Amino acid sequence: MTIILVLAPISLGLALVGLGAFWWTVKSGQYDDPAGDASRILNDHSDDQPIP
Amino acid sequence: MTVVDQAELSGFLRRDRPGAAQLELLVRGARCAACMASIERGVAALPGVSAARFNLTTGKLSVIFSGERADPRDVIRTVEDLGYGATLFDPNTASAQADEEGRRLALALGVAGFGAGNVMMFSVPIWAGLFGQELEPATRTIMYWLSAIIATPCALYAGQTIFRSAWKSLRRGRANMDVPISVGVLLTLGVSFSETLQHGRHAYFDAAVMLLFLLLIGRWMDHQLRAKAASAARDLMALQAPIARRLDRAGVEHGVPVGEVRVDDLVVIAPGERTPVDGIVAEGASVVDNALITGETSPWPVSPGSPVHAGALNLDGRLIVRARAAVEDSALAAIARLMEAGAQSRSTYVRLADKAAAIYVPVVHGLALATFVGGWLLGLGPREALIRAAAVLIITCPCALGLAVPAVQIAASGRLFRKGILVKSGAALERLAEVNYVVLDKTGVLTTGRPELLGGLTPALADAAQLARASRHPLARSLVRAAGPGPVAAAARETAGQGVSGLVDGRPARLGRASFLGAEAASRGESEFWFGFDGEAPVRFAFADTLRADAAETIAALVKRGLDVEVLSGDTAGAVIRTCEAAGVAHYRSCLTPLDKAAAIDALKTGGRKVLMVGDGLNDAAALARASASMAPGAAMDASQNAADLVFEGEALMSVVDAIDIARAARARALENFGFSALYNLVAAPAAIIGLINPLISAIAMSGSSLVVTLNALRMNLEARR
């Protein structure tokens, strides 16, 4: 059963990485324009200029 | 259509940092990846523009200028050349900043989801242990401690909004839905810690986080609904031409946001534009249409010295108006005061969910207390009694209640949105569902609110339309609408405030005011235009406000739903009687001032009626704010749209009936959901009291009941597709 003490922190750590990533996507406004971002991927020059 | 060519527009730039400026525009018609790319590329290539970003979801284009050369006109021209419509946002009102509350809720939802998901890693072995599987008490305690480490910080972070709202409500001496939730979550955490310390079996760490997760889904949906409606309402407002053309000392026109016009500024109003502010005519003579302000449909002549109201439509010549402060105008100030009072009376409306909470809170808390005291007295011991009391709070915790209303309202507002009707808030839908009396304005609601050509198609109409196509005058546009597509007159030249002259089929002809053609003006309360070939007798075209195509049908549908219908109009008795007879309205009152209208609404309300007011003019704004629920057409004045709960776009008055139907259906669904929640609690609470609940059963019951109310809410959309 001691293996739990190793595995549980590892899986929790991975989940925390996921939560951190979600946090970052929200804070950096990546849900502000879902329709536009879906289309931007089709455009070769989509990241030529800085985001205002 | 824009004032781009004449006016300088630097008043729309926002300068947060020196040397840089930002501009926000609403772009209409851009709906694809290619549109987005071409707009961004075109605008970014302009001199002085350092970046351009188009938001395809909201239709907003943000442009950043660097350096001193920043001209909004270039941007508008570029976007319009690409084939899209562009409107500037007033930098003082446009909310360029991101939706902070939405982000906070999304983060809380994410944290609660993380907690609810990961706590399962330890809850599932515990549940297995409950059924006598192999799980040592020491291992179980470790599992509980690990659950606590995940669940406690997640619950405390994610629950912040709920705890804060509960605290606020308690301080006002009331208990809203958030109070039992907060008490439930905190008590559950407390009991679970004490159980874990004593190596017991009844810790509910998973239930506390899951409860918050399910509730936050409801909160987030409610927020999305409000945010979407608010942003759509802002867009409508931007489309209402917020640009005022101000003259500087040198006589140069500057386009500025209406809010920046000060007392004694000179403002130019071209034919076809609305007066942005109250004022006195300083130069020019024209005829104005006051329909939106007073409800009166016959045009009103103005000359230097005459007062004009904000919202008056200039029909004829170029006017220069000296602005007066709105507060000095006692009528407008009175309307503003009435609107404020109306908004206050509305904020006392108790929402459906809060009504449910008012019954639910004392019952559940009483039950939990009785379980604790009763259990102890009956010899359960304080520990077991407390666990059962906590189980009552958790299992009856209003997961389903918290989702019951937002889920229905988001489905209903989605349906309304597809029909072109905007709802400003969930409470507005609830108030609309209770309405039993409908008050309509005449001008702009029963009627189209703009001049339509009287009489049928004549040969002269086709000729006149050739000249009319060269003009922006509202009567000329109406003439073109009646005549349909066709050729434009050659060598057309417009004389401001007079008319258009040009060659129709090679012969010189004129279209315009009676004096422009040397005819005798007929004054019969109608707007008129004259047309004639040089040397021939001119022909008269008369225009009047006409009934909306579906007005009679709408009235019949309202009456069929058991609603009383009345028309309150500021127009003269004759015009009101004619319109009401044509539309089939039996009750009507005419010649009402804005204050009379508001008083009439108040009288109806004290008589026990729940009034829906539909109106578009500034004269309706006070009545709209005071009615139980209110709707305004998309072509209405800013003030009226602000005061109205719902705004409908397009020509169909039938939208009013659709809105009432959907609001009533939503209310029925919400009540069904409450009924289901009550039934669920009726089974769950006794089970908790006699100690049948364990952590597994509470987890299943909680998510199960939430799922059922959400699916029931989604039935709103199924009905729409059928």
# chains A, B, ... in the order shown; residues from 1 in each chain; ligands from 1

$ interface_residues --of "chain B" --to "chain A" --cutoff "8 Å" --atoms "only C-alpha atoms" --output "list in words"
Cys32, Ala33, Met36, Ala37, Ala51, Ala52, Arg53, Phe54, Asn55, Leu56, Thr57, Thr58, Ser62, Val63, Ile64, Ala98, Arg103, Ala106, Leu107, Gly110, Val111, Phe114 and Asn118 of chain B

$ write_last_selection --atoms "N, CA and C atoms" --output "PDB file, in the first residue's frame"
ATOM      1  N   CYS B  32     -16.225  35.642 -41.194  1.00  0.00           N
ATOM      2  CA  CYS B  32     -15.435  34.485 -41.620  1.00  0.00           C
ATOM      3  C   CYS B  32     -13.949  34.748 -41.389  1.00  0.00           C
ATOM      4  N   ALA B  33     -13.159  33.677 -41.499  1.00  0.00           N
ATOM      5  CA  ALA B  33     -11.720  33.789 -41.275  1.00  0.00           C
ATOM      6  C   ALA B  33     -11.085  34.746 -42.269  1.00  0.00           C
ATOM      7  N   MET B  36     -11.722  38.387 -41.430  1.00  0.00           N
ATOM      8  CA  MET B  36     -10.893  38.815 -40.307  1.00  0.00           C
ATOM      9  C   MET B  36      -9.489  39.141 -40.790  1.00  0.00           C
ATOM     10  N   ALA B  37      -8.931  38.243 -41.615  1.00  0.00           N
ATOM     11  CA  ALA B  37      -7.565  38.438 -42.092  1.00  0.00           C
ATOM     12  C   ALA B  37      -7.471  39.691 -42.955  1.00  0.00           C
ATOM     13  N   ALA B  51      -0.812  48.165 -34.626  1.00  0.00           N
ATOM     14  CA  ALA B  51      -1.420  46.844 -34.548  1.00  0.00           C
ATOM     15  C   ALA B  51      -2.919  46.943 -34.701  1.00  0.00           C
ATOM     16  N   ALA B  52      -3.517  45.905 -35.267  1.00  0.00           N
ATOM     17  CA  ALA B  52      -4.969  45.838 -35.385  1.00  0.00           C
ATOM     18  C   ALA B  52      -5.395  44.428 -35.069  1.00  0.00           C
ATOM     19  N   ARG B  53      -6.390  44.293 -34.219  1.00  0.00           N
ATOM     20  CA  ARG B  53      -6.845  42.962 -33.831  1.00  0.00           C
ATOM     21  C   ARG B  53      -8.362  42.940 -33.911  1.00  0.00           C
ATOM     22  N   PHE B  54      -8.890  41.979 -34.667  1.00  0.00           N
ATOM     23  CA  PHE B  54     -10.333  41.877 -34.815  1.00  0.00           C
ATOM     24  C   PHE B  54     -10.845  40.696 -34.000  1.00  0.00           C
ATOM     25  N   ASN B  55     -11.843  40.947 -33.165  1.00  0.00           N
ATOM     26  CA  ASN B  55     -12.440  39.870 -32.363  1.00  0.00           C
ATOM     27  C   ASN B  55     -13.670  39.355 -33.109  1.00  0.00           C
ATOM     28  N   LEU B  56     -13.540  38.143 -33.666  1.00  0.00           N
ATOM     29  CA  LEU B  56     -14.607  37.596 -34.507  1.00  0.00           C
ATOM     30  C   LEU B  56     -15.852  37.262 -33.701  1.00  0.00           C
ATOM     31  N   THR B  57     -15.668  36.997 -32.406  1.00  0.00           N
ATOM     32  CA  THR B  57     -16.815  36.626 -31.570  1.00  0.00           C
ATOM     33  C   THR B  57     -17.695  37.829 -31.278  1.00  0.00           C
ATOM     34  N   THR B  58     -17.071  38.962 -30.947  1.00  0.00           N
ATOM     35  CA  THR B  58     -17.860  40.127 -30.571  1.00  0.00           C
ATOM     36  C   THR B  58     -17.982  41.149 -31.701  1.00  0.00           C
ATOM     37  N   SER B  62      -9.965  46.383 -32.503  1.00  0.00           N
ATOM     38  CA  SER B  62      -9.149  47.318 -31.727  1.00  0.00           C
ATOM     39  C   SER B  62      -7.953  47.705 -32.564  1.00  0.00           C
ATOM     40  N   VAL B  63      -7.696  48.990 -32.642  1.00  0.00           N
ATOM     41  CA  VAL B  63      -6.567  49.484 -33.421  1.00  0.00           C
ATOM     42  C   VAL B  63      -5.660  50.272 -32.489  1.00  0.00           C
ATOM     43  N   ILE B  64      -4.349  49.995 -32.566  1.00  0.00           N
ATOM     44  CA  ILE B  64      -3.388  50.744 -31.761  1.00  0.00           C
ATOM     45  C   ILE B  64      -2.588  51.632 -32.698  1.00  0.00           C
ATOM     46  N   ALA B  98     -11.458  43.619 -20.314  1.00  0.00           N
ATOM     47  CA  ALA B  98     -12.048  42.293 -20.363  1.00  0.00           C
ATOM     48  C   ALA B  98     -13.041  42.119 -19.219  1.00  0.00           C
ATOM     49  N   ARG B 103     -14.069  36.124 -15.777  1.00  0.00           N
ATOM     50  CA  ARG B 103     -12.799  35.418 -15.580  1.00  0.00           C
ATOM     51  C   ARG B 103     -12.717  34.836 -14.185  1.00  0.00           C
ATOM     52  N   ALA B 106     -14.830  31.814 -14.041  1.00  0.00           N
ATOM     53  CA  ALA B 106     -14.234  30.712 -14.800  1.00  0.00           C
ATOM     54  C   ALA B 106     -13.122  30.055 -13.980  1.00  0.00           C
ATOM     55  N   LEU B 107     -12.313  30.891 -13.295  1.00  0.00           N
ATOM     56  CA  LEU B 107     -11.238  30.350 -12.462  1.00  0.00           C
ATOM     57  C   LEU B 107     -11.799  29.543 -11.297  1.00  0.00           C
ATOM     58  N   GLY B 110     -12.971  26.342 -12.596  1.00  0.00           N
ATOM     59  CA  GLY B 110     -11.854  25.458 -12.914  1.00  0.00           C
ATOM     60  C   GLY B 110     -11.286  24.814 -11.649  1.00  0.00           C
ATOM     61  N   VAL B 111     -11.129  25.620 -10.589  1.00  0.00           N
ATOM     62  CA  VAL B 111     -10.569  25.094  -9.342  1.00  0.00           C
ATOM     63  C   VAL B 111     -11.520  24.076  -8.719  1.00  0.00           C
ATOM     64  N   PHE B 114     -11.305  20.917 -10.701  1.00  0.00           N
ATOM     65  CA  PHE B 114     -10.068  20.205 -10.365  1.00  0.00           C
ATOM     66  C   PHE B 114     -10.243  19.462  -9.045  1.00  0.00           C
ATOM     67  N   ASN B 118     -10.235  15.366  -8.671  1.00  0.00           N
ATOM     68  CA  ASN B 118      -9.091  14.691  -8.053  1.00  0.00           C
ATOM     69  C   ASN B 118      -9.398  14.074  -6.701  1.00  0.00           C
TER      70      ASN B 118
END

$ select_by_dssp --residues "chain A" --states "helix (DSSP H, G or I)" --output "PyMOL selection string"
chain A and resi 3-27+34-40

$ residues_around --residues "Ala244 of chain B" --least-positions-apart "5" --cutoff "7 Å" --atoms "only C-alpha atoms" --output "ChimeraX atom specification"
/B:255-258,267,276

$ closest_residue --among "B:Val611, B:Ala659, B:Leu212, B:Ile39" --to "Val439 of chain B" --atoms "only C-alpha atoms"
B:Val611

$ select_by_dssp --residues "segment 63-231 of chain B" --states "strand (DSSP E or B)" --output "CSV table (one decimal) with C-alpha atoms, in the first residue's frame"
chain,number,residue,atom,x,y,z
B,63,VAL,CA,-6.6,49.5,-33.4
B,64,ILE,CA,-3.4,50.7,-31.8
B,65,PHE,CA,-1.7,53.8,-33.2
B,66,SER,CA,1.8,54.8,-32.4
B,85,GLY,CA,-19.9,48.6,-41.9
B,86,ALA,CA,-17.9,50.4,-39.3
B,87,THR,CA,-19.1,52.3,-36.2
B,88,LEU,CA,-17.0,54.0,-33.7

$ residues_around --residues "Ile421 of chain B" --least-positions-apart "3" --cutoff "12 Å" --atoms "only C-alpha atoms" --output "number ranges by chain"
B: 229, 232-233, 412-418, 424, 429, 631-634, 644-660, 662-663

$ atom_distance --atom1 "atom CA of Phe122 of chain B" --atom2 "atom CA of His199 of chain B"
15.5 Å

$ atom_distance --atom1 "atom CA of Pro72 of chain B" --atom2 "atom CA of Val277 of chain B"
23.3 Å

$ residues_around --residues "Met143 of chain B" --least-positions-apart "4" --cutoff "8 Å" --atoms "only C-alpha atoms" --output "list in words"
Phe122, Ser123, Ile126, Thr139 and Ser147 of chain B

$ atom_distance --atom1 "atom CA of His254 of chain B" --atom2 "atom CA of Val281 of chain B"
18.6 Å

$ residues_around --residues "segment 353-364 of chain B" --least-positions-apart "5" --cutoff "12 Å" --atoms "only C-alpha atoms" --output "PDB file with N, CA and C atoms, in the first residue's frame"
ATOM      1  N   SER B 169     -25.959  39.200   2.390  1.00  0.00           N
ATOM      2  CA  SER B 169     -27.388  39.037   2.605  1.00  0.00           C
ATOM      3  C   SER B 169     -27.706  38.917   4.101  1.00  0.00           C
ATOM      4  N   ARG B 174     -31.400  39.304   5.796  1.00  0.00           N
ATOM      5  CA  ARG B 174     -32.189  38.379   4.982  1.00  0.00           C
ATOM      6  C   ARG B 174     -31.350  37.139   4.705  1.00  0.00           C
ATOM      7  N   ALA B 175     -31.995  36.074   4.275  1.00  0.00           N
ATOM      8  CA  ALA B 175     -31.252  34.864   3.937  1.00  0.00           C
ATOM      9  C   ALA B 175     -31.551  34.497   2.493  1.00  0.00           C
ATOM     10  N   ASN B 176     -30.546  34.636   1.606  1.00  0.00           N
ATOM     11  CA  ASN B 176     -30.769  34.208   0.231  1.00  0.00           C
ATOM     12  C   ASN B 176     -30.277  32.771   0.081  1.00  0.00           C
ATOM     13  N   MET B 177     -30.294  32.284  -1.165  1.00  0.00           N
ATOM     14  CA  MET B 177     -29.925  30.906  -1.431  1.00  0.00           C
ATOM     15  C   MET B 177     -28.499  30.589  -0.993  1.00  0.00           C
ATOM     16  N   ASP B 178     -27.638  31.622  -0.959  1.00  0.00           N
ATOM     17  CA  ASP B 178     -26.230  31.379  -0.656  1.00  0.00           C
ATOM     18  C   ASP B 178     -25.980  31.070   0.817  1.00  0.00           C
ATOM     19  N   VAL B 179     -26.934  31.433   1.684  1.00  0.00           N
ATOM     20  CA  VAL B 179     -26.727  31.184   3.117  1.00  0.00           C
ATOM     21  C   VAL B 179     -26.710  29.680   3.432  1.00  0.00           C
ATOM     22  N   PRO B 180     -27.739  28.919   3.030  1.00  0.00           N
ATOM     23  CA  PRO B 180     -27.671  27.485   3.342  1.00  0.00           C
ATOM     24  C   PRO B 180     -26.504  26.808   2.636  1.00  0.00           C
ATOM     25  N   ILE B 181     -26.134  27.291   1.455  1.00  0.00           N
ATOM     26  CA  ILE B 181     -24.998  26.694   0.748  1.00  0.00           C
ATOM     27  C   ILE B 181     -23.728  26.892   1.574  1.00  0.00           C
ATOM     28  N   SER B 182     -23.507  28.153   2.016  1.00  0.00           N
ATOM     29  CA  SER B 182     -22.289  28.445   2.780  1.00  0.00           C
ATOM     30  C   SER B 182     -22.264  27.654   4.081  1.00  0.00           C
ATOM     31  N   VAL B 183     -23.396  27.679   4.800  1.00  0.00           N
ATOM     32  CA  VAL B 183     -23.456  26.941   6.058  1.00  0.00           C
ATOM     33  C   VAL B 183     -23.205  25.463   5.798  1.00  0.00           C
ATOM     34  N   GLY B 184     -23.855  24.940   4.755  1.00  0.00           N
ATOM     35  CA  GLY B 184     -23.701  23.524   4.415  1.00  0.00           C
ATOM     36  C   GLY B 184     -22.260  23.158   4.131  1.00  0.00           C
ATOM     37  N   THR B 348     -36.624  45.990  -6.212  1.00  0.00           N
ATOM     38  CA  THR B 348     -37.224  45.318  -5.061  1.00  0.00           C
ATOM     39  C   THR B 348     -37.959  44.048  -5.482  1.00  0.00           C
ATOM     40  N   LEU B 369     -31.466  21.233  12.567  1.00  0.00           N
ATOM     41  CA  LEU B 369     -31.372  21.479  14.008  1.00  0.00           C
ATOM     42  C   LEU B 369     -32.181  20.437  14.779  1.00  0.00           C
ATOM     43  N   ALA B 370     -33.403  20.164  14.278  1.00  0.00           N
ATOM     44  CA  ALA B 370     -34.272  19.181  14.934  1.00  0.00           C
ATOM     45  C   ALA B 370     -33.609  17.807  14.919  1.00  0.00           C
ATOM     46  N   THR B 371     -32.922  17.480  13.819  1.00  0.00           N
ATOM     47  CA  THR B 371     -32.243  16.192  13.735  1.00  0.00           C
ATOM     48  C   THR B 371     -31.168  16.084  14.806  1.00  0.00           C
ATOM     49  N   ALA B 389     -27.161  15.535  11.230  1.00  0.00           N
ATOM     50  CA  ALA B 389     -27.600  16.897  10.921  1.00  0.00           C
ATOM     51  C   ALA B 389     -26.823  17.439   9.727  1.00  0.00           C
ATOM     52  N   ALA B 390     -25.515  17.181   9.685  1.00  0.00           N
ATOM     53  CA  ALA B 390     -24.705  17.631   8.549  1.00  0.00           C
ATOM     54  C   ALA B 390     -25.160  16.930   7.275  1.00  0.00           C
ATOM     55  N   ALA B 391     -25.501  15.621   7.391  1.00  0.00           N
ATOM     56  CA  ALA B 391     -25.966  14.887   6.220  1.00  0.00           C
ATOM     57  C   ALA B 391     -27.252  15.498   5.685  1.00  0.00           C
ATOM     58  N   VAL B 392     -28.137  15.953   6.583  1.00  0.00           N
ATOM     59  CA  VAL B 392     -29.369  16.606   6.127  1.00  0.00           C
ATOM     60  C   VAL B 392     -29.019  17.855   5.324  1.00  0.00           C
ATOM     61  N   LEU B 393     -28.080  18.656   5.851  1.00  0.00           N
ATOM     62  CA  LEU B 393     -27.708  19.892   5.151  1.00  0.00           C
ATOM     63  C   LEU B 393     -27.081  19.599   3.792  1.00  0.00           C
ATOM     64  N   ILE B 394     -26.234  18.574   3.738  1.00  0.00           N
ATOM     65  CA  ILE B 394     -25.543  18.293   2.474  1.00  0.00           C
ATOM     66  C   ILE B 394     -26.510  17.745   1.437  1.00  0.00           C
ATOM     67  N   ILE B 395     -27.274  16.750   1.850  1.00  0.00           N
ATOM     68  CA  ILE B 395     -28.097  16.064   0.859  1.00  0.00           C
ATOM     69  C   ILE B 395     -29.227  16.955   0.354  1.00  0.00           C
ATOM     70  N   THR B 396     -29.715  17.879   1.233  1.00  0.00           N
ATOM     71  CA  THR B 396     -30.772  18.775   0.771  1.00  0.00           C
ATOM     72  C   THR B 396     -30.194  20.068   0.209  1.00  0.00           C
ATOM     73  N   CYS B 397     -28.901  20.189   0.199  1.00  0.00           N
ATOM     74  CA  CYS B 397     -28.292  21.443  -0.246  1.00  0.00           C
ATOM     75  C   CYS B 397     -28.730  21.741  -1.663  1.00  0.00           C
ATOM     76  N   PRO B 398     -29.072  22.988  -1.955  1.00  0.00           N
ATOM     77  CA  PRO B 398     -29.864  23.278  -3.134  1.00  0.00           C
ATOM     78  C   PRO B 398     -29.079  23.267  -4.437  1.00  0.00           C
ATOM     79  N   ALA B 400     -29.807  21.387  -7.026  1.00  0.00           N
ATOM     80  CA  ALA B 400     -30.819  21.430  -8.071  1.00  0.00           C
ATOM     81  C   ALA B 400     -31.480  22.798  -8.092  1.00  0.00           C
ATOM     82  N   LEU B 401     -31.718  23.376  -6.891  1.00  0.00           N
ATOM     83  CA  LEU B 401     -32.340  24.696  -6.850  1.00  0.00           C
ATOM     84  C   LEU B 401     -31.439  25.748  -7.483  1.00  0.00           C
ATOM     85  N   GLY B 402     -30.154  25.662  -7.234  1.00  0.00           N
ATOM     86  CA  GLY B 402     -29.219  26.639  -7.781  1.00  0.00           C
ATOM     87  C   GLY B 402     -29.122  26.573  -9.295  1.00  0.00           C
ATOM     88  N   LEU B 403     -29.355  25.398  -9.855  1.00  0.00           N
ATOM     89  CA  LEU B 403     -29.296  25.248 -11.307  1.00  0.00           C
ATOM     90  C   LEU B 403     -30.661  25.434 -11.957  1.00  0.00           C
ATOM     91  N   ALA B 404     -31.740  25.249 -11.178  1.00  0.00           N
ATOM     92  CA  ALA B 404     -33.080  25.179 -11.753  1.00  0.00           C
ATOM     93  C   ALA B 404     -33.410  26.394 -12.607  1.00  0.00           C
ATOM     94  N   VAL B 405     -33.135  27.591 -12.094  1.00  0.00           N
ATOM     95  CA  VAL B 405     -33.527  28.789 -12.816  1.00  0.00           C
ATOM     96  C   VAL B 405     -32.502  29.212 -13.875  1.00  0.00           C
ATOM     97  N   PRO B 406     -31.193  29.303 -13.548  1.00  0.00           N
ATOM     98  CA  PRO B 406     -30.250  29.738 -14.583  1.00  0.00           C
ATOM     99  C   PRO B 406     -30.248  28.845 -15.815  1.00  0.00           C
ATOM    100  N   VAL B 408     -32.693  27.126 -17.109  1.00  0.00           N
ATOM    101  CA  VAL B 408     -33.873  27.404 -17.919  1.00  0.00           C
ATOM    102  C   VAL B 408     -33.717  28.747 -18.614  1.00  0.00           C
ATOM    103  N   GLN B 409     -33.227  29.751 -17.866  1.00  0.00           N
ATOM    104  CA  GLN B 409     -33.161  31.088 -18.449  1.00  0.00           C
ATOM    105  C   GLN B 409     -32.138  31.186 -19.565  1.00  0.00           C
ATOM    106  N   GLY B 426     -32.064  37.840 -16.334  1.00  0.00           N
ATOM    107  CA  GLY B 426     -32.957  36.730 -16.051  1.00  0.00           C
ATOM    108  C   GLY B 426     -34.210  37.196 -15.322  1.00  0.00           C
ATOM    109  N   ALA B 427     -34.042  38.206 -14.452  1.00  0.00           N
ATOM    110  CA  ALA B 427     -35.196  38.721 -13.709  1.00  0.00           C
ATOM    111  C   ALA B 427     -36.234  39.298 -14.660  1.00  0.00           C
ATOM    112  N   GLU B 430     -38.519  36.661 -15.833  1.00  0.00           N
ATOM    113  CA  GLU B 430     -39.480  36.260 -14.809  1.00  0.00           C
ATOM    114  C   GLU B 430     -40.615  37.271 -14.708  1.00  0.00           C
ATOM    115  N   ARG B 667     -40.923  30.034 -17.326  1.00  0.00           N
ATOM    116  CA  ARG B 667     -41.419  30.020 -15.951  1.00  0.00           C
ATOM    117  C   ARG B 667     -41.981  28.639 -15.606  1.00  0.00           C
ATOM    118  N   ALA B 670     -39.132  26.325 -14.985  1.00  0.00           N
ATOM    119  CA  ALA B 670     -38.460  26.621 -13.715  1.00  0.00           C
ATOM    120  C   ALA B 670     -39.288  26.069 -12.555  1.00  0.00           C
ATOM    121  N   LEU B 671     -40.615  26.236 -12.647  1.00  0.00           N
ATOM    122  CA  LEU B 671     -41.464  25.720 -11.568  1.00  0.00           C
ATOM    123  C   LEU B 671     -41.423  24.195 -11.522  1.00  0.00           C
ATOM    124  N   ASN B 673     -38.889  22.432 -12.327  1.00  0.00           N
ATOM    125  CA  ASN B 673     -37.606  22.115 -11.702  1.00  0.00           C
ATOM    126  C   ASN B 673     -37.671  22.248 -10.187  1.00  0.00           C
ATOM    127  N   PHE B 674     -38.369  23.302  -9.717  1.00  0.00           N
ATOM    128  CA  PHE B 674     -38.532  23.461  -8.273  1.00  0.00           C
ATOM    129  C   PHE B 674     -39.328  22.297  -7.715  1.00  0.00           C
ATOM    130  N   GLY B 675     -40.370  21.910  -8.436  1.00  0.00           N
ATOM    131  CA  GLY B 675     -41.194  20.787  -8.010  1.00  0.00           C
ATOM    132  C   GLY B 675     -40.356  19.523  -7.882  1.00  0.00           C
ATOM    133  N   SER B 677     -37.115  19.391  -7.395  1.00  0.00           N
ATOM    134  CA  SER B 677     -36.189  19.546  -6.268  1.00  0.00           C
ATOM    135  C   SER B 677     -36.889  19.266  -4.946  1.00  0.00           C
ATOM    136  N   ALA B 678     -38.141  19.760  -4.845  1.00  0.00           N
ATOM    137  CA  ALA B 678     -38.893  19.548  -3.604  1.00  0.00           C
ATOM    138  C   ALA B 678     -39.123  18.055  -3.388  1.00  0.00           C
ATOM    139  N   ASN B 681     -35.951  16.401  -2.276  1.00  0.00           N
ATOM    140  CA  ASN B 681     -35.642  16.685  -0.875  1.00  0.00           C
ATOM    141  C   ASN B 681     -36.569  15.934   0.078  1.00  0.00           C
ATOM    142  N   LEU B 682     -37.808  15.734  -0.376  1.00  0.00           N
ATOM    143  CA  LEU B 682     -38.783  15.020   0.435  1.00  0.00           C
ATOM    144  C   LEU B 682     -38.341  13.580   0.674  1.00  0.00           C
ATOM    145  N   ALA B 684     -34.932  12.614   0.197  1.00  0.00           N
ATOM    146  CA  ALA B 684     -33.560  12.608   0.705  1.00  0.00           C
ATOM    147  C   ALA B 684     -33.473  12.991   2.177  1.00  0.00           C
ATOM    148  N   ALA B 685     -34.277  13.996   2.589  1.00  0.00           N
ATOM    149  CA  ALA B 685     -34.150  14.485   3.966  1.00  0.00           C
ATOM    150  C   ALA B 685     -34.482  13.403   5.014  1.00  0.00           C
ATOM    151  N   PRO B 686     -35.629  12.696   4.870  1.00  0.00           N
ATOM    152  CA  PRO B 686     -35.896  11.632   5.852  1.00  0.00           C
ATOM    153  C   PRO B 686     -34.814  10.558   5.854  1.00  0.00           C
ATOM    154  N   ALA B 688     -31.697  10.982   5.299  1.00  0.00           N
ATOM    155  CA  ALA B 688     -30.545  11.505   6.048  1.00  0.00           C
ATOM    156  C   ALA B 688     -30.829  11.475   7.542  1.00  0.00           C
ATOM    157  N   ILE B 689     -32.086  11.782   7.915  1.00  0.00           N
ATOM    158  CA  ILE B 689     -32.419  11.849   9.345  1.00  0.00           C
ATOM    159  C   ILE B 689     -32.286  10.474   9.997  1.00  0.00           C
TER     160      ILE B 689
END

$ closest_residue --among "B:Asp616, B:Pro594, B:Val480, B:Arg431" --to "Gly449 of chain B" --atoms "only C-alpha atoms"
B:Asp616

$ residues_around --residues "Val308 of chain B" --least-positions-apart "3" --cutoff "10 Å" --atoms "only C-alpha atoms" --output "PyMOL selection string"
chain B and resi 275-281+288+290+300+302-303+305+311-314+321-324

$ closest_residue --among "B:Ile150, B:Leu422, B:Ile410, B:Ala20" --to "Gly13 of chain A" --atoms "only C-alpha atoms"
B:Ile150
